[in-house]
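Have a look at the structure below, then the notes.
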Amino acid sequence: MENYRIVNSSDMAVVVHHTRYVMIRAIDTHVHFWELAGYRGFDGWFAGREYLRRDYLPHHLRPKLAGIGAEGAVIVGAAPDSHRHNLEWGAMCEQHADVLGLVGSYSMSSPRLSEWLDDYAGKPWFVGIRSQPALPPERWGEDAAADRGARELLRRGLALDILVQHHLIPAVGEFARRHPDLPFVLNHCGLPPFRDGGLDVWERHVRELAALPNVVVKYSSFFLHCHPGCEADELRRAAGVLFEAFGSERLLWGSNWPPELVGGSYREAFDTMMDSAPALSEDERRRVLRDNAIRVYKLPIK
């Protein structure tokens with residue numbers, strides 16, 4: 001974006017906007033952690049991404065957060081239905097002040113979901129799960145187990161993160177309509193098909209989804225889904241659609257660190273997301289960078 005830039009500060013982001021300095025603390029709503037030695041069996045998605053084959057833990061992220069003025073981050077689990085791994089990530093929330101919450105990696109259709117979630121009772125840092133119905137998308141309306149899982153999340157005051165290819169966004173909309181009181185968090189901007197040479201279908205689906213007030217979007221992960229051919233005009237177009245459709249009230253910034261490192265540093269990924277956004281007021285930036293995360297995930301911070 002031409003009319004502001006980010007510069008370093010010791011404890012928060014300093015946004016330079018028409019020579020006016022605005023102090024905004026940020027919350028990263030999407031990071032992954034693992035200790036490689038104990039992660040075998042869940043690292044299949046590392047294929048072709050050798051840069052991921054090392055430990056990524058809170059002390060590795062901490063200087064990256066400080067570099068942009070972020071006060072903390074939310075873990076998104078990356079070991080489906082491994083209760084042990086999810087509990088380990090939960091322990092990080094209790095051990096590290098800058099690890100603010102956990103979106104667990106659990107199958108919403110599992111008959112064990114309630115049992116697993118019981119272990120997080122009274123843990124305000126446990127904020128939701130990332131999952132989707134087990135049946136094929138064209139049959140999500142028939143997935144009684146997923147419906148039970150959605151009701152379980154709602155009963156416990158949790159959110160549902162969901163990651164799908166852009167052509168499946170309408171299926172997300174149908175499922176969200178079935179559960180209008182459950183917060184849905186569409187990950188990574190609904191995966192705009194930057195590499196496929198056209199955003200028209202994605203744009204139509206995103207605008208249709210925005211009609212559902214219980215759906216918000218993670219404003220995250222441009223690098224991973226456009227590298228190595230990131231075109232600034234296409235990034236700005238995608239960002240413009242999201243801000244026009246969902247507004248600053250329903251977008252949450254996230255880094256998708258460390259997968260995002262495929263395209264550049266943590267700081268460069270952050271700058272790319274913010275530079276791609278339309279001109280934002282101080283209040284709008286604060287909502288996207290911090291306030292929406294606290295509201296949607298009910299984070300126990302002020």
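Chain labels A, B, ... are given in the sequence in which chains occur in the structure tokens; within each chain residues are numbered consecutively from 1, and ligands are likewise numbered from 1 in the order shown.
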
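Of all the residues in stretch 60-200 of chain A, the ones DSSP labels as strand (DSSP E or B) from the backbone are A:Ala70, A:Glu71, A:Gly72, A:Ala73, A:Val74, A:Ile75, A:Val76, A:Val99, A:Leu100, A:Gly101, A:Leu102, A:Val103, A:Gly104, A:Phe126, A:Val127, A:Gly128, A:Ile129, A:Arg130, A:Ala159, A:Leu160, A:Asp161, A:Ile162, A:Phe184, A:Val185, A:Leu186.
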
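Near stretch 218-228 of chain A, within a cut-off of 8 Å and counting only C-alpha atoms, sit the residues Thr29, His30, Val185, Leu186, Asn187, His188, Cys189, Leu191, Pro192, Pro193, Phe194, Arg195, Leu235, Leu251, Leu252, Trp253, Gly254, Ser255, Asn256, Pro259, Glu260, Leu261, Val262, Gly263, Gly264, Ala269, Thr272 and Met273 of chain A, with same-chain residues fewer than 6 positions away left out.
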
Take the residues from that selection and put them in a file with N, CA and C atoms, as an mmCIF file, in the first residue's frame.
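result.cif, freshly written:
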data_model
loop_
_atom_site.group_PDB
_atom_site.id
_atom_site.type_symbol
_atom_site.label_atom_id
_atom_site.label_comp_id
_atom_site.auth_asym_id
_atom_site.auth_seq_id
_atom_site.Cartn_x
_atom_site.Cartn_y
_atom_site.Cartn_z
ATOM 1 N N THR A 29 -3.038 -14.691 14.651
ATOM 2 C CA THR A 29 -4.056 -15.699 14.921
ATOM 3 C C THR A 29 -3.769 -17.051 14.281
ATOM 4 N N HIS A 30 -2.569 -17.242 13.710
ATOM 5 C CA HIS A 30 -2.352 -18.511 13.012
ATOM 6 C C HIS A 30 -0.869 -18.857 12.936
ATOM 7 N N VAL A 185 -14.520 -19.674 11.116
ATOM 8 C CA VAL A 185 -13.335 -18.898 10.752
ATOM 9 C C VAL A 185 -12.732 -19.528 9.506
ATOM 10 N N LEU A 186 -12.986 -18.937 8.342
ATOM 11 C CA LEU A 186 -12.429 -19.447 7.092
ATOM 12 C C LEU A 186 -10.951 -19.086 7.023
ATOM 13 N N ASN A 187 -10.108 -20.096 6.915
ATOM 14 C CA ASN A 187 -8.663 -19.874 6.967
ATOM 15 C C ASN A 187 -8.098 -19.403 5.628
ATOM 16 N N HIS A 188 -7.041 -18.621 5.722
ATOM 17 C CA HIS A 188 -6.170 -18.256 4.611
ATOM 18 C C HIS A 188 -6.920 -17.649 3.425
ATOM 19 N N CYS A 189 -7.836 -16.738 3.750
ATOM 20 C CA CYS A 189 -8.539 -15.953 2.735
ATOM 21 C C CYS A 189 -9.368 -16.811 1.784
ATOM 22 N N LEU A 191 -8.252 -19.378 0.295
ATOM 23 C CA LEU A 191 -7.298 -19.882 -0.707
ATOM 24 C C LEU A 191 -7.539 -19.319 -2.105
ATOM 25 N N PRO A 192 -7.320 -18.019 -2.284
ATOM 26 C CA PRO A 192 -7.452 -17.445 -3.630
ATOM 27 C C PRO A 192 -6.539 -18.187 -4.613
ATOM 28 N N PRO A 193 -7.035 -18.551 -5.800
ATOM 29 C CA PRO A 193 -6.238 -19.350 -6.748
ATOM 30 C C PRO A 193 -5.274 -18.493 -7.554
ATOM 31 N N PHE A 194 -4.306 -17.902 -6.860
ATOM 32 C CA PHE A 194 -3.373 -17.005 -7.535
ATOM 33 C C PHE A 194 -2.642 -17.701 -8.677
ATOM 34 N N ARG A 195 -2.326 -18.981 -8.493
ATOM 35 C CA ARG A 195 -1.530 -19.686 -9.498
ATOM 36 C C ARG A 195 -2.362 -20.093 -10.719
ATOM 37 N N LEU A 235 -2.595 -9.611 -5.541
ATOM 38 C CA LEU A 235 -2.706 -9.606 -4.084
ATOM 39 C C LEU A 235 -3.607 -8.456 -3.637
ATOM 40 N N LEU A 251 -12.375 -9.611 9.655
ATOM 41 C CA LEU A 251 -11.099 -10.133 9.182
ATOM 42 C C LEU A 251 -10.123 -10.175 10.340
ATOM 43 N N LEU A 252 -9.359 -11.268 10.431
ATOM 44 C CA LEU A 252 -8.371 -11.447 11.486
ATOM 45 C C LEU A 252 -7.028 -11.717 10.829
ATOM 46 N N TRP A 253 -6.020 -10.935 11.170
ATOM 47 C CA TRP A 253 -4.699 -11.185 10.589
ATOM 48 C C TRP A 253 -4.060 -12.414 11.223
ATOM 49 N N GLY A 254 -3.411 -13.210 10.378
ATOM 50 C CA GLY A 254 -2.611 -14.336 10.841
ATOM 51 C C GLY A 254 -1.430 -14.531 9.917
ATOM 52 N N SER A 255 -0.358 -15.117 10.429
ATOM 53 C CA SER A 255 0.859 -15.248 9.623
ATOM 54 C C SER A 255 0.948 -16.564 8.859
ATOM 55 N N ASN A 256 0.392 -17.642 9.408
ATOM 56 C CA ASN A 256 0.643 -19.002 8.911
ATOM 57 C C ASN A 256 2.129 -19.320 8.937
ATOM 58 N N PRO A 259 4.936 -22.244 7.621
ATOM 59 C CA PRO A 259 4.798 -22.527 6.186
ATOM 60 C C PRO A 259 4.991 -21.306 5.297
ATOM 61 N N GLU A 260 4.597 -20.134 5.816
ATOM 62 C CA GLU A 260 4.687 -18.907 5.024
ATOM 63 C C GLU A 260 6.122 -18.525 4.678
ATOM 64 N N LEU A 261 7.090 -19.102 5.367
ATOM 65 C CA LEU A 261 8.487 -18.766 5.115
ATOM 66 C C LEU A 261 8.950 -19.176 3.724
ATOM 67 N N VAL A 262 8.137 -19.925 3.010
ATOM 68 C CA VAL A 262 8.494 -20.290 1.644
ATOM 69 C C VAL A 262 8.699 -19.060 0.776
ATOM 70 N N GLY A 263 8.027 -17.955 1.105
ATOM 71 C CA GLY A 263 8.093 -16.767 0.253
ATOM 72 C C GLY A 263 8.907 -15.622 0.810
ATOM 73 N N GLY A 264 9.394 -15.745 2.040
ATOM 74 C CA GLY A 264 10.140 -14.655 2.655
ATOM 75 C C GLY A 264 10.104 -14.765 4.159
ATOM 76 N N ALA A 269 6.354 -11.328 5.161
ATOM 77 C CA ALA A 269 4.996 -11.840 4.971
ATOM 78 C C ALA A 269 3.972 -10.891 5.576
ATOM 79 N N THR A 272 3.675 -7.797 3.434
ATOM 80 C CA THR A 272 2.950 -8.072 2.196
ATOM 81 C C THR A 272 1.448 -8.065 2.431
ATOM 82 N N MET A 273 0.992 -8.680 3.521
ATOM 83 C CA MET A 273 -0.437 -8.674 3.817
ATOM 84 C C MET A 273 -0.940 -7.253 4.048
#

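Atom CA of A:Ala79 is positioned 5.8 Å from atom CA of A:Phe42.
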
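Around stretch 285-290 of chain A, within 6 Å and counting only C-alpha atoms, the residues found are Ala26, Ile27, Ser248, Leu251, Leu252, Trp253, Glu282, Asp283, Asn292 and Ala293 of chain A, once anything fewer than 2 positions away on its own chain is removed.
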
Take the residues from that selection and write them out as a tab-separated table (two decimals), in the first residue's frame, keeping C-alpha atoms.
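Okay, this is what ended up in again27.tsv:
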chain	number	residue	atom	x	y	z
A	26	ALA	CA	-1.01	-7.09	17.08
A	27	ILE	CA	-2.13	-10.68	17.68
A	248	SER	CA	-12.52	-4.73	8.93
A	251	LEU	CA	-11.10	-10.13	9.18
A	252	LEU	CA	-8.37	-11.45	11.49
A	253	TRP	CA	-4.70	-11.18	10.59
A	282	GLU	CA	-6.49	3.50	12.77
A	283	ASP	CA	-9.62	1.79	14.11
A	292	ASN	CA	-11.26	-9.16	16.19
A	293	ALA	CA	-8.99	-11.93	17.44

- Just the residues within 9 Å of A:Arg53, please, counting only C-alpha atoms, with nothing from its chain fewer than 6 positions along; format it as an NGL selection string. :A and (36 or 43 or 46)
